[in-house]
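Student: Just one file: coords32.cif, with mmCIF, C-alpha atoms.
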```
data_structure
loop_
_atom_site.label_atom_id
_atom_site.label_comp_id
_atom_site.auth_asym_id
_atom_site.auth_seq_id
_atom_site.Cartn_x
_atom_site.Cartn_y
_atom_site.Cartn_z
CA MET A 19 90.19 109.71 84.32
CA THR A 20 88.46 112.79 82.91
CA GLU A 21 84.91 112.23 81.69
CA ARG A 22 84.41 113.12 78.03
CA ILE A 23 81.43 113.84 75.80
CA HIS A 24 81.55 112.10 72.40
CA ALA A 25 79.59 113.33 69.37
CA THR A 26 79.56 111.73 65.93
CA TYR A 27 78.84 113.62 62.71
CA TRP A 28 78.41 113.06 59.01
CA LEU A 29 80.75 115.68 57.55
CA GLU A 30 81.16 116.95 54.01
CA THR A 31 84.00 119.34 53.21
CA GLY A 32 85.74 120.88 50.22
CA VAL A 33 89.06 121.19 52.07
CA ASP A 34 91.34 118.54 53.47
CA PRO A 35 89.13 116.52 55.86
CA ARG A 36 91.71 116.61 58.65
CA THR A 37 91.89 120.40 58.36
CA ALA A 38 88.09 120.66 58.50
CA ALA A 39 87.93 118.33 61.52
CA GLU A 40 90.56 120.33 63.42
CA THR A 41 88.78 123.58 62.54
CA ILE A 42 85.50 122.27 63.93
CA ALA A 43 87.22 120.96 67.06
CA GLY A 44 88.90 124.32 67.64
CA GLU A 45 85.76 126.37 66.94
CA GLN A 46 83.79 124.34 69.48
CA SER A 47 86.36 124.48 72.25
CA SER A 48 89.50 126.58 72.73
CA GLY A 49 90.24 127.92 69.23
CA THR A 50 89.20 130.75 66.95
CA PHE A 51 89.96 131.78 63.36
CA ILE A 52 93.61 132.63 64.12
CA ALA A 53 96.19 131.21 66.50
CA LEU A 54 96.44 133.15 69.77
CA PRO A 55 99.45 133.29 72.09
CA ASN A 56 97.55 132.12 75.17
CA GLU A 57 96.13 129.03 73.44
CA THR A 58 99.11 127.05 74.59
CA PRO A 59 99.71 123.35 73.92
CA GLU A 60 98.98 122.74 77.61
CA LEU A 61 95.64 124.56 77.38
CA LYS A 62 94.65 122.70 74.21
CA ALA A 63 95.57 119.37 75.78
CA ARG A 64 93.41 120.21 78.79
CA SER A 65 90.39 121.86 77.17
CA GLY A 66 90.53 121.48 73.41
CA ALA A 67 88.11 119.22 71.58
CA ARG A 68 89.77 116.07 70.28
CA VAL A 69 89.34 114.41 66.90
CA GLU A 70 88.74 110.80 67.91
CA ARG A 71 87.92 109.39 64.49
CA LEU A 72 87.85 110.54 60.89
CA ASP A 73 86.80 108.01 58.25
CA VAL A 74 86.45 108.96 54.59
CA LEU A 75 83.22 107.61 53.08
CA ASP A 76 82.93 109.07 49.58
CA HIS A 77 83.62 112.00 47.25
CA SER A 78 81.48 114.23 45.03
CA GLU A 79 82.00 117.05 42.55
CA THR A 80 79.30 119.33 43.98
CA PRO A 81 78.61 120.48 47.55
CA SER A 82 75.44 119.56 49.42
CA LEU A 83 75.11 123.07 50.85
CA ALA A 84 75.94 126.46 49.40
CA GLY A 85 78.20 129.05 50.99
CA GLY A 86 81.21 126.90 51.76
CA ALA A 87 84.74 126.99 50.41
CA GLU A 88 84.72 126.30 46.67
CA SER A 89 86.45 123.12 45.57
CA LYS A 90 86.67 120.66 42.70
CA CYS A 91 86.16 117.76 45.10
CA TYR A 92 84.02 117.39 48.21
CA THR A 93 84.74 114.63 50.70
CA GLN A 94 82.14 112.93 52.89
CA CYS A 95 83.37 111.54 56.22
CA THR A 96 82.38 110.16 59.58
CA LEU A 97 83.77 112.46 62.26
CA GLU A 98 83.87 111.80 65.99
CA LEU A 99 84.83 114.58 68.39
CA SER A 100 85.16 114.54 72.16
CA TRP A 101 85.26 117.23 74.85
CA PRO A 102 86.29 117.10 78.50
CA ILE A 103 83.34 117.53 80.85
CA GLU A 104 85.29 120.28 82.63
CA ASN A 105 84.68 122.62 79.69
CA PHE A 106 81.07 123.24 80.70
CA GLY A 107 79.96 120.67 83.27
CA PRO A 108 76.88 118.43 83.06
CA SER A 109 74.67 121.17 81.61
CA LEU A 110 72.23 120.42 78.79
CA PRO A 111 71.99 124.01 77.45
CA ASN A 112 75.78 124.29 77.29
CA LEU A 113 76.06 120.80 75.83
CA MET A 114 73.74 121.98 73.05
CA SER A 115 75.98 124.99 72.35
CA THR A 116 79.02 122.74 72.17
CA ILE A 117 77.85 119.84 70.01
CA ALA A 118 75.44 121.84 67.85
CA GLY A 119 76.63 125.44 67.93
CA ASN A 120 78.61 127.42 65.39
CA LEU A 121 80.06 124.38 63.62
CA PHE A 122 77.24 124.07 61.05
CA GLU A 123 78.01 127.40 59.36
CA LEU A 124 81.79 127.13 59.06
CA ARG A 125 83.09 127.82 55.55
CA GLN A 126 85.06 124.57 55.63
CA VAL A 127 81.77 122.70 55.97
CA SER A 128 79.51 121.95 52.99
CA GLY A 129 77.41 119.46 54.98
CA LEU A 130 77.22 118.47 58.64
CA ARG A 131 74.79 116.31 60.56
CA LEU A 132 74.90 115.16 64.17
CA THR A 133 74.34 111.40 64.12
CA GLY A 134 75.37 110.10 67.53
CA LEU A 135 76.03 111.14 71.12
CA ARG A 136 77.59 109.49 74.17
CA LEU A 137 77.40 111.23 77.52
CA PRO A 138 79.20 110.56 80.80
CA ASP A 139 77.32 109.42 83.90
CA SER A 140 77.51 112.88 85.45
CA PHE A 141 74.62 113.94 83.17
CA ALA A 142 72.40 111.25 84.67
CA LYS A 143 73.21 112.58 88.14
CA ALA A 144 72.41 116.16 87.11
CA TYR A 145 69.22 115.32 85.19
CA PRO A 146 66.84 112.65 86.55
CA GLY A 147 65.07 112.12 83.22
CA PRO A 148 61.40 111.18 82.86
CA ALA A 149 59.56 110.86 86.17
CA PHE A 150 56.89 108.51 84.78
CA GLY A 151 57.98 107.02 81.46
CA ILE A 152 56.30 103.85 80.24
CA GLU A 153 55.56 102.28 83.62
CA GLY A 154 54.10 105.41 85.16
CA THR A 155 52.02 106.20 82.09
CA ARG A 156 50.54 102.71 82.08
CA LYS A 157 49.72 102.94 85.78
CA LEU A 158 47.98 106.31 85.48
CA SER A 159 46.08 105.39 82.32
CA GLY A 160 45.10 101.91 83.50
CA VAL A 161 46.30 100.42 80.21
CA THR A 162 48.48 97.49 81.24
CA HIS A 163 48.63 95.69 77.88
CA GLY A 164 48.87 96.90 74.32
CA PRO A 165 49.26 100.50 73.17
CA LEU A 166 47.36 103.48 74.50
CA ILE A 167 44.76 104.23 71.83
CA GLY A 168 44.71 107.98 71.44
CA THR A 169 43.56 110.92 69.38
CA ILE A 170 43.99 114.68 68.96
CA ILE A 171 41.20 117.21 69.33
CA LYS A 172 40.40 118.66 65.91
CA PRO A 173 39.84 121.25 64.50
CA SER A 174 43.23 122.36 65.78
CA VAL A 175 41.85 125.71 66.91
CA GLY A 176 38.48 127.42 66.80
CA LEU A 177 36.40 125.18 69.04
CA SER A 178 35.00 126.64 72.25
CA PRO A 179 35.67 124.96 75.62
CA GLN A 180 32.20 123.42 75.52
CA GLU A 181 32.62 122.18 71.96
CA THR A 182 35.94 120.65 72.96
CA ALA A 183 34.29 118.98 75.94
CA GLU A 184 31.59 117.54 73.68
CA GLN A 185 34.27 115.90 71.54
CA VAL A 186 35.92 114.55 74.66
CA LYS A 187 32.56 113.22 75.88
CA ALA A 188 32.13 111.19 72.70
CA LEU A 189 35.70 109.90 72.90
CA VAL A 190 35.62 108.79 76.54
CA ALA A 191 32.24 107.13 75.99
CA GLY A 192 33.80 105.36 73.02
CA GLY A 193 36.59 103.83 75.09
CA ILE A 194 39.57 106.03 74.17
CA ASP A 195 42.66 105.83 76.41
CA PHE A 196 44.43 109.09 75.58
CA ILE A 197 43.44 112.52 74.24
CA LYS A 198 45.72 115.45 73.55
CA ASP A 199 45.42 119.09 72.67
CA ASP A 200 46.76 120.01 69.28
CA GLU A 201 50.10 121.81 69.59
CA LEU A 202 48.44 124.93 68.16
CA GLN A 203 45.78 125.00 70.87
CA ALA A 204 47.03 127.05 73.79
CA ASP A 205 45.22 129.89 75.58
CA GLY A 206 43.37 131.85 72.91
CA SER A 207 40.25 133.91 73.41
CA HIS A 208 38.03 131.36 71.61
CA CYS A 209 39.14 128.59 73.96
CA PRO A 210 40.83 129.91 77.13
CA PHE A 211 43.05 127.34 78.82
CA ASP A 212 41.38 127.47 82.23
CA GLU A 213 37.87 127.13 80.83
CA ARG A 214 38.94 124.29 78.53
CA VAL A 215 40.57 122.33 81.35
CA ARG A 216 37.57 122.69 83.64
CA ALA A 217 35.07 121.75 80.92
CA VAL A 218 37.06 118.75 79.74
CA MET A 219 37.88 117.44 83.22
CA ARG A 220 34.21 117.61 84.25
CA VAL A 221 33.54 115.13 81.44
CA VAL A 222 36.59 112.98 82.23
CA ASN A 223 35.89 112.88 85.98
CA ASP A 224 32.22 112.12 85.50
CA HIS A 225 33.09 109.22 83.20
CA ALA A 226 35.67 107.95 85.70
CA GLU A 227 33.13 108.02 88.54
CA ARG A 228 30.67 105.97 86.50
CA THR A 229 33.06 103.49 84.91
CA GLY A 230 36.28 103.49 86.93
CA LYS A 231 38.31 104.46 83.84
CA LYS A 232 40.02 107.84 83.85
CA VAL A 233 41.11 108.85 80.38
CA MET A 234 44.51 110.56 80.18
CA VAL A 235 44.26 114.04 78.62
CA ALA A 236 47.43 115.95 77.69
CA PHE A 237 46.65 119.65 78.03
CA ASN A 238 49.02 121.98 76.18
CA VAL A 239 50.67 124.09 78.88
CA THR A 240 53.32 125.59 76.55
CA GLY A 241 54.20 129.12 77.63
CA ASP A 242 56.69 130.94 79.79
CA LEU A 243 57.86 129.29 83.02
CA ASP A 244 55.30 130.85 85.34
CA GLN A 245 52.46 130.17 82.91
CA MET A 246 53.44 126.52 82.52
CA LYS A 247 53.65 125.96 86.27
CA ARG A 248 50.30 127.66 86.90
CA ARG A 249 48.62 125.72 84.10
CA HIS A 250 50.11 122.47 85.37
CA ASP A 251 48.72 123.20 88.83
CA LEU A 252 45.24 123.82 87.45
CA VAL A 253 45.27 120.53 85.53
CA LEU A 254 46.39 118.71 88.68
CA GLU A 255 43.76 120.46 90.80
CA GLN A 256 41.05 119.39 88.35
CA GLY A 257 42.14 115.75 88.57
CA GLY A 258 44.14 115.62 85.35
CA ALA A 259 46.87 113.09 84.60
CA CYS A 260 49.08 114.65 81.90
CA VAL A 261 50.41 117.91 80.49
CA MET A 262 51.91 118.63 77.08
CA ALA A 263 54.70 120.98 76.04
CA VAL A 264 56.21 121.85 72.65
CA LEU A 265 59.94 121.19 72.96
CA ASN A 266 61.33 123.60 70.38
CA SER A 267 59.14 126.37 71.79
CA ILE A 268 60.04 126.09 75.47
CA GLY A 269 63.69 124.99 75.14
CA LEU A 270 65.77 122.73 77.34
CA VAL A 271 65.58 125.04 80.34
CA GLY A 272 61.81 125.25 80.08
CA MET A 273 61.52 121.48 79.84
CA HIS A 274 63.83 120.89 82.80
CA GLU A 275 61.98 123.42 84.96
CA LEU A 276 58.63 121.90 84.03
CA ARG A 277 60.00 118.45 84.90
CA LYS A 278 61.11 119.66 88.34
CA HIS A 279 57.65 121.11 88.99
CA SER A 280 55.43 118.49 87.39
CA GLN A 281 53.51 115.82 89.27
CA MET A 282 52.20 114.34 86.00
CA PRO A 283 53.73 112.83 82.87
CA ILE A 284 54.98 115.36 80.33
CA HIS A 285 53.85 114.70 76.78
CA ALA A 286 56.57 116.22 74.58
CA HIS A 287 55.62 117.45 71.12
CA ARG A 288 58.38 117.96 68.57
CA ALA A 289 56.70 120.63 66.39
CA GLY A 290 59.40 122.19 64.23
CA TRP A 291 61.45 119.02 64.02
CA GLY A 292 61.52 119.24 60.23
CA TYR A 293 63.75 122.31 60.13
CA LEU A 294 66.34 120.42 62.19
CA THR A 295 66.38 117.26 60.13
CA ARG A 296 64.79 117.39 56.69
CA SER A 297 68.03 118.09 54.83
CA GLU A 298 70.15 114.95 54.93
CA ALA A 299 73.24 117.17 54.82
CA LEU A 300 72.38 119.38 57.80
CA GLY A 301 71.05 119.17 61.33
CA TRP A 302 70.34 116.22 63.60
CA ASP A 303 69.44 112.57 63.57
CA TYR A 304 66.61 111.92 66.00
CA ALA A 305 68.56 109.54 68.28
CA PRO A 306 70.98 112.12 69.72
CA TRP A 307 68.35 114.89 69.74
CA GLN A 308 65.85 112.94 71.83
CA MET A 309 68.52 112.03 74.40
CA LEU A 310 68.70 115.64 75.56
CA TRP A 311 64.92 115.95 75.92
CA ARG A 312 64.60 112.68 77.81
CA LEU A 313 67.29 113.74 80.25
CA ALA A 314 65.42 117.04 80.62
CA GLY A 315 62.29 115.09 81.60
CA ALA A 316 60.10 114.10 78.62
CA ASP A 317 57.88 111.08 79.38
CA HIS A 318 56.30 110.80 75.90
CA LEU A 319 58.06 111.74 72.66
CA HIS A 320 56.54 112.06 69.20
CA VAL A 321 58.20 109.98 66.48
CA ASN A 322 55.77 110.54 63.56
CA GLY A 323 54.16 107.36 62.13
CA LEU A 324 54.48 104.80 59.39
CA ARG A 325 53.24 105.93 55.97
CA ASN A 326 52.68 109.37 57.43
CA LYS A 327 51.48 112.55 55.74
CA PHE A 328 54.90 114.18 56.08
CA SER A 329 58.20 113.61 54.29
CA GLU A 330 59.79 111.29 56.85
CA SER A 331 60.53 107.74 55.74
CA ASP A 332 59.30 104.66 57.59
CA GLU A 333 62.91 103.70 58.32
CA SER A 334 63.48 107.04 60.05
CA VAL A 335 60.27 106.71 62.08
CA ILE A 336 61.19 103.25 63.35
CA ALA A 337 64.74 104.33 64.17
CA ALA A 338 63.29 107.20 66.19
CA ALA A 339 60.93 104.91 68.12
CA ARG A 340 63.70 102.46 68.89
CA ALA A 341 65.85 105.31 70.17
CA VAL A 342 63.09 106.48 72.53
CA LEU A 343 62.65 102.93 73.84
CA SER A 344 66.40 102.52 74.50
CA PRO A 345 68.22 103.74 77.63
CA VAL A 346 69.91 107.12 77.27
CA MET A 347 72.92 105.58 79.03
CA ASP A 348 73.59 102.84 81.55
CA ALA A 349 73.22 105.31 84.39
CA ALA A 350 69.86 106.56 83.01
CA PRO A 351 67.90 103.41 82.10
CA LEU A 352 64.44 105.01 82.22
CA THR A 353 62.80 104.91 78.80
CA ALA A 354 60.13 107.20 77.43
CA MET A 355 57.00 106.22 75.52
CA PRO A 356 57.04 106.86 71.75
CA VAL A 357 53.99 108.54 70.26
CA PHE A 358 52.96 107.53 66.73
CA SER A 359 50.83 110.06 64.89
CA SER A 360 50.18 111.70 61.51
CA GLY A 361 47.71 110.00 59.19
CA GLN A 362 47.49 106.87 61.32
CA THR A 363 44.90 104.09 61.16
CA GLY A 364 44.81 100.44 62.11
CA LEU A 365 46.56 99.64 58.82
CA GLN A 366 49.89 100.65 60.40
CA ALA A 367 49.46 98.56 63.57
CA ALA A 368 50.99 95.28 62.40
CA ASP A 369 54.00 96.88 60.73
CA THR A 370 54.62 99.13 63.72
CA TYR A 371 54.46 96.21 66.15
CA ALA A 372 56.71 94.05 64.00
CA ALA A 373 59.28 96.82 63.61
CA ILE A 374 59.70 97.79 67.26
CA GLY A 375 58.83 94.44 68.84
CA CYS A 376 56.54 95.80 71.55
CA ALA A 377 53.38 97.79 72.15
CA ASP A 378 54.79 100.28 74.66
CA LEU A 379 53.52 103.27 72.72
CA ILE A 380 50.72 105.74 72.20
CA HIS A 381 49.03 105.34 68.81
CA THR A 382 47.05 108.48 67.98
CA ALA A 383 44.57 108.61 65.13
CA GLY A 384 42.29 111.52 64.29
CA GLY A 385 40.48 110.85 61.03
CA GLY A 386 41.15 107.14 61.52
CA ILE A 387 38.76 107.28 64.49
CA PHE A 388 36.40 110.18 63.79
CA GLY A 389 35.86 109.09 60.18
CA HIS A 390 34.42 105.68 61.05
CA PRO A 391 30.94 105.30 59.53
CA GLY A 392 29.74 103.75 62.79
CA GLY A 393 30.82 106.71 64.88
CA VAL A 394 33.59 107.44 67.35
CA ALA A 395 33.11 104.34 69.53
CA ALA A 396 33.37 102.11 66.48
CA GLY A 397 36.49 104.00 65.37
CA VAL A 398 38.17 103.44 68.74
CA GLU A 399 37.17 99.78 68.75
CA ALA A 400 38.47 99.26 65.23
CA LEU A 401 41.88 100.74 66.03
CA ARG A 402 42.14 98.70 69.21
CA GLU A 403 41.16 95.49 67.41
CA ALA A 404 43.76 96.20 64.73
CA TRP A 405 46.35 96.14 67.49
CA VAL A 406 44.90 92.93 68.93
CA ALA A 407 45.38 91.35 65.52
CA ALA A 408 48.92 92.73 65.27
CA MET A 409 49.97 91.42 68.67
CA GLU A 410 48.37 88.01 68.08
CA GLY A 411 49.92 87.70 64.62
CA VAL A 412 46.54 87.39 62.90
CA PRO A 413 46.08 88.96 59.43
CA LEU A 414 43.96 92.09 59.69
CA ALA A 415 41.33 90.95 57.16
CA ARG A 416 40.87 87.64 58.95
CA HIS A 417 40.51 89.32 62.34
CA ALA A 418 37.98 91.71 60.81
CA GLU A 419 35.72 88.79 59.88
CA ARG A 420 34.69 88.49 63.51
CA ASN A 421 34.67 92.20 64.33
CA PRO A 422 32.12 94.39 62.51
CA ALA A 423 33.71 97.68 63.59
CA LEU A 424 37.08 96.65 62.19
CA LYS A 425 35.52 95.27 59.04
CA ALA A 426 33.75 98.57 58.40
CA ALA A 427 36.96 100.49 59.12
CA LEU A 428 38.86 98.62 56.44
CA GLU A 429 36.53 100.20 53.88
CA PHE A 430 37.50 103.78 54.75
CA TRP A 431 41.07 103.28 56.00
CA LYS A 432 42.21 102.55 52.42
#
```
As a first step, turn the structure in this file into structure tokens.

Tutor:
Amino acid sequence: MTERIHATYWLETGVDPRTAAETIAGEQSSGTFIALPNETPELKARSGARVERLDVLDHSETPSLAGGAESKCYTQCTLELSWPIENFGPSLPNLMSTIAGNLFELRQVSGLRLTGLRLPDSFAKAYPGPAFGIEGTRKLSGVTHGPLIGTIIKPSVGLSPQETAEQVKALVAGGIDFIKDDELQADGSHCPFDERVRAVMRVVNDHAERTGKKVMVAFNVTGDLDQMKRRHDLVLEQGGACVMAVLNSIGLVGMHELRKHSQMPIHAHRAGWGYLTRSEALGWDYAPWQMLWRLAGADHLHVNGLRNKFSESDESVIAAARAVLSPVMDAAPLTAMPVFSSGQTGLQAADTYAAIGCADLIHTAGGGIFGHPGGVAAGVEALREAWVAAMEGVPLARHAERNPALKAALEFWK
């Protein structure tokens, strides 16, 4: 039996829904805007996209998006399409073109959002997925229980390599588990990549020699393919344990090539995610989007955070984290580690733990650590103790009664 790719969409259209569905199916497979003689019934049966399901949900008098066919009534539907794998093979870039290509701008469409994706096992054979995932990250970081307590170097840009290293020195002395570059920090003249890596790893390695704990630092290697490979090699040479790449900047090919080269976990940042998802009537849900990046090799994936500084709802954040923690498919069971960030403190720990049912995550806090009146070490301790309380089911205020650092944090985390 032929393997098929299945994609599910929320569709809004001002024309007959069946007509819109068939138009999308044709546009994304064998068809075009007019019937052609060589698009025979046999060819369409072999290679055409198939409408598997079309369920009407609701109607409205106005379209969600401008530019479509004008109508007095717009219909919202659930649409499921499928394609034979023979159309393009187990190729992530070509999969992207097929399930999320020219369909969004069709005139018959006044709203379209990719909500689900099912892939055949051949993708798991072609793409090995994350090399480290949760288990490998825990082994390298030495954190066997609870979340990795992390932070981001701030200011985002402008610090020198030595100033960056001084921040890292305070953080590793304070007991942090994970540190990452900001996605905006790359290889600028104020803080060249090579100098930054060497300065930071001197601090990390010195701390590891004295204490036995090597803090995981995710250096932003984002660049062209040769740059990323060279930067990865420098981090590895200096004793590093993680690299970071910005997904929307390097693309699926860049991510896959980095995965093939990398001997460390890849921390995947989703900068730019908002333009793919913020409109409820256009773009992607996170669940199908992250599947492609995990197959390409992402070990850690950002999911935002509860009560964050952005526009994303808590429900969306939790759905994203659950997706990252779930197998891509039966043939690709390796899970990645979700990264919670954006305005995070210990106040989100209990709700995060209750919502996802585990602590297999990286919880990054910037101001929530650096703003502690007792200093960085107290900030790290307070965030860690908030997670102890969450995992033990103890109310935060009660747990704070026996932990001065946490008690002090509750005064500025408000």

Student: Counting only C-alpha atoms, which residues sit no farther than 12 Å from the position (39.1, 100.6, 56.1) in the file's frame? I'd like them as number ranges by chain.

Tutor: A: 362-366, 385-387, 389-392, 396-397, 400-401, 404, 414-415, 418, 422-432

Student: By how many Å are atom CA of Leu352 of chain A and atom CA of Pro148 of chain A apart?

Tutor: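 Interatomic distance here is 6.9 Å.
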
Student: Got a sec: who's within 8 Å of Gly86 of chain A, counting all atoms listed in the file, leaving out chain neighbours fewer than 3 positions off, as a PDB file with C-alpha atoms, in the coordinates of the input?

Tutor:
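After the write, part01.pdb holds the following:
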```pdb
ATOM      1  CA  GLY A  32      85.740 120.880  50.220  1.00  0.00           C
ATOM      2  CA  LEU A  83      75.110 123.070  50.850  1.00  0.00           C
ATOM      3  CA  LEU A 124      81.790 127.130  59.060  1.00  0.00           C
ATOM      4  CA  ARG A 125      83.090 127.820  55.550  1.00  0.00           C
ATOM      5  CA  GLN A 126      85.060 124.570  55.630  1.00  0.00           C
ATOM      6  CA  VAL A 127      81.770 122.700  55.970  1.00  0.00           C
ATOM      7  CA  SER A 128      79.510 121.950  52.990  1.00  0.00           C
TER       8      SER A 128
END
```

Student: Skip Leu113 of chain A itself and residues of its chain fewer than 5 positions away, then list as an MDAnalysis selection string all residues within 12 Å of it, counting only C-alpha atoms.

Tutor: chainID A and resid 22:25 46:47 100:108 118:119 135:138 141 270 306:307 309:310

Student: Which segment 198-282 of chain A residues have any atom within 10 Å of an atom of segment 287-298 of chain A, and for each, what is the nearest pair of atoms with distance in Å to one decimal, counting all atoms listed in the file, rows sorted by chain and number, as CSV?

Tutor:
```
residue,atom,partner,partner_atom,distance
A:Asp200,CA,A:His287,CA,9.4
A:Glu201,CA,A:His287,CA,7.2
A:Leu202,CA,A:Ala289,CA,9.5
A:Asn238,CA,A:His287,CA,9.5
A:Met262,CA,A:His287,CA,7.1
A:Ala263,CA,A:His287,CA,6.1
A:Val264,CA,A:His287,CA,4.7
A:Leu265,CA,A:Arg288,CA,5.7
A:Asn266,CA,A:Gly290,CA,6.6
A:Ser267,CA,A:Ala289,CA,8.2
```

Student: Rounded to one decimal place, report the atom CA of Ser359 of chain A-atom CA of Gly168 of chain A distance in Å.

Tutor: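 Computing it gives 9.2 Å between the two atoms.
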
Student: Starting from the block above, write segment 327-379 of chain A out to a file with C-alpha atoms, as a PDB file, in the first residue's frame, please.

Tutor:
```
ATOM      1  CA  LYS A 327       5.319  38.878  28.008  1.00  0.00           C
ATOM      2  CA  PHE A 328       4.064  38.025  24.515  1.00  0.00           C
ATOM      3  CA  SER A 329       0.573  37.512  23.102  1.00  0.00           C
ATOM      4  CA  GLU A 330       0.465  33.715  23.341  1.00  0.00           C
ATOM      5  CA  SER A 331      -2.102  32.200  25.683  1.00  0.00           C
ATOM      6  CA  ASP A 332      -1.248  29.735  28.443  1.00  0.00           C
ATOM      7  CA  GLU A 333      -3.342  27.094  26.685  1.00  0.00           C
ATOM      8  CA  SER A 334      -1.235  27.469  23.538  1.00  0.00           C
ATOM      9  CA  VAL A 335       2.023  27.279  25.514  1.00  0.00           C
ATOM     10  CA  ILE A 336       1.010  24.063  27.259  1.00  0.00           C
ATOM     11  CA  ALA A 337      -0.203  22.503  24.009  1.00  0.00           C
ATOM     12  CA  ALA A 338       3.180  23.314  22.482  1.00  0.00           C
ATOM     13  CA  ALA A 339       5.087  21.735  25.378  1.00  0.00           C
ATOM     14  CA  ARG A 340       2.973  18.603  25.258  1.00  0.00           C
ATOM     15  CA  ALA A 341       3.618  18.327  21.529  1.00  0.00           C
ATOM     16  CA  VAL A 342       7.384  18.539  22.043  1.00  0.00           C
ATOM     17  CA  LEU A 343       7.204  15.837  24.730  1.00  0.00           C
ATOM     18  CA  SER A 344       5.191  13.484  22.486  1.00  0.00           C
ATOM     19  CA  PRO A 345       6.687  11.151  19.860  1.00  0.00           C
ATOM     20  CA  VAL A 346       6.683  12.523  16.323  1.00  0.00           C
ATOM     21  CA  MET A 347       5.449   9.105  15.200  1.00  0.00           C
ATOM     22  CA  ASP A 348       5.718   5.508  16.354  1.00  0.00           C
ATOM     23  CA  ALA A 349       8.849   5.043  14.277  1.00  0.00           C
ATOM     24  CA  ALA A 350      10.445   8.192  15.772  1.00  0.00           C
ATOM     25  CA  PRO A 351       9.828   7.962  19.532  1.00  0.00           C
ATOM     26  CA  LEU A 352      12.658  10.294  20.585  1.00  0.00           C
ATOM     27  CA  THR A 353      11.286  13.377  22.310  1.00  0.00           C
ATOM     28  CA  ALA A 354      12.859  16.799  22.591  1.00  0.00           C
ATOM     29  CA  MET A 355      13.104  18.985  25.683  1.00  0.00           C
ATOM     30  CA  PRO A 356      10.727  21.975  25.837  1.00  0.00           C
ATOM     31  CA  VAL A 357      12.227  25.315  26.833  1.00  0.00           C
ATOM     32  CA  PHE A 358      10.048  27.692  28.861  1.00  0.00           C
ATOM     33  CA  SER A 359      11.064  31.343  28.689  1.00  0.00           C
ATOM     34  CA  SER A 360       9.762  34.917  28.480  1.00  0.00           C
ATOM     35  CA  GLY A 361       9.044  36.708  31.751  1.00  0.00           C
ATOM     36  CA  GLN A 362       9.452  33.567  33.832  1.00  0.00           C
ATOM     37  CA  THR A 363       9.883  33.286  37.602  1.00  0.00           C
ATOM     38  CA  GLY A 364       9.193  30.637  40.199  1.00  0.00           C
ATOM     39  CA  LEU A 365       5.555  31.735  40.224  1.00  0.00           C
ATOM     40  CA  GLN A 366       4.963  29.704  37.040  1.00  0.00           C
ATOM     41  CA  ALA A 367       6.614  26.501  38.317  1.00  0.00           C
ATOM     42  CA  ALA A 368       3.615  24.830  39.957  1.00  0.00           C
ATOM     43  CA  ASP A 369       1.224  25.563  37.102  1.00  0.00           C
ATOM     44  CA  THR A 370       3.751  24.431  34.514  1.00  0.00           C
ATOM     45  CA  TYR A 371       4.404  21.169  36.354  1.00  0.00           C
ATOM     46  CA  ALA A 372       0.711  20.488  36.869  1.00  0.00           C
ATOM     47  CA  ALA A 373      -0.085  21.158  33.214  1.00  0.00           C
ATOM     48  CA  ILE A 374       2.540  18.933  31.592  1.00  0.00           C
ATOM     49  CA  GLY A 375       2.887  16.355  34.360  1.00  0.00           C
ATOM     50  CA  CYS A 376       6.678  16.212  34.378  1.00  0.00           C
ATOM     51  CA  ALA A 377       9.809  18.291  34.858  1.00  0.00           C
ATOM     52  CA  ASP A 378      11.609  17.275  31.664  1.00  0.00           C
ATOM     53  CA  LEU A 379      12.197  20.868  30.605  1.00  0.00           C
TER      54      LEU A 379
END
```
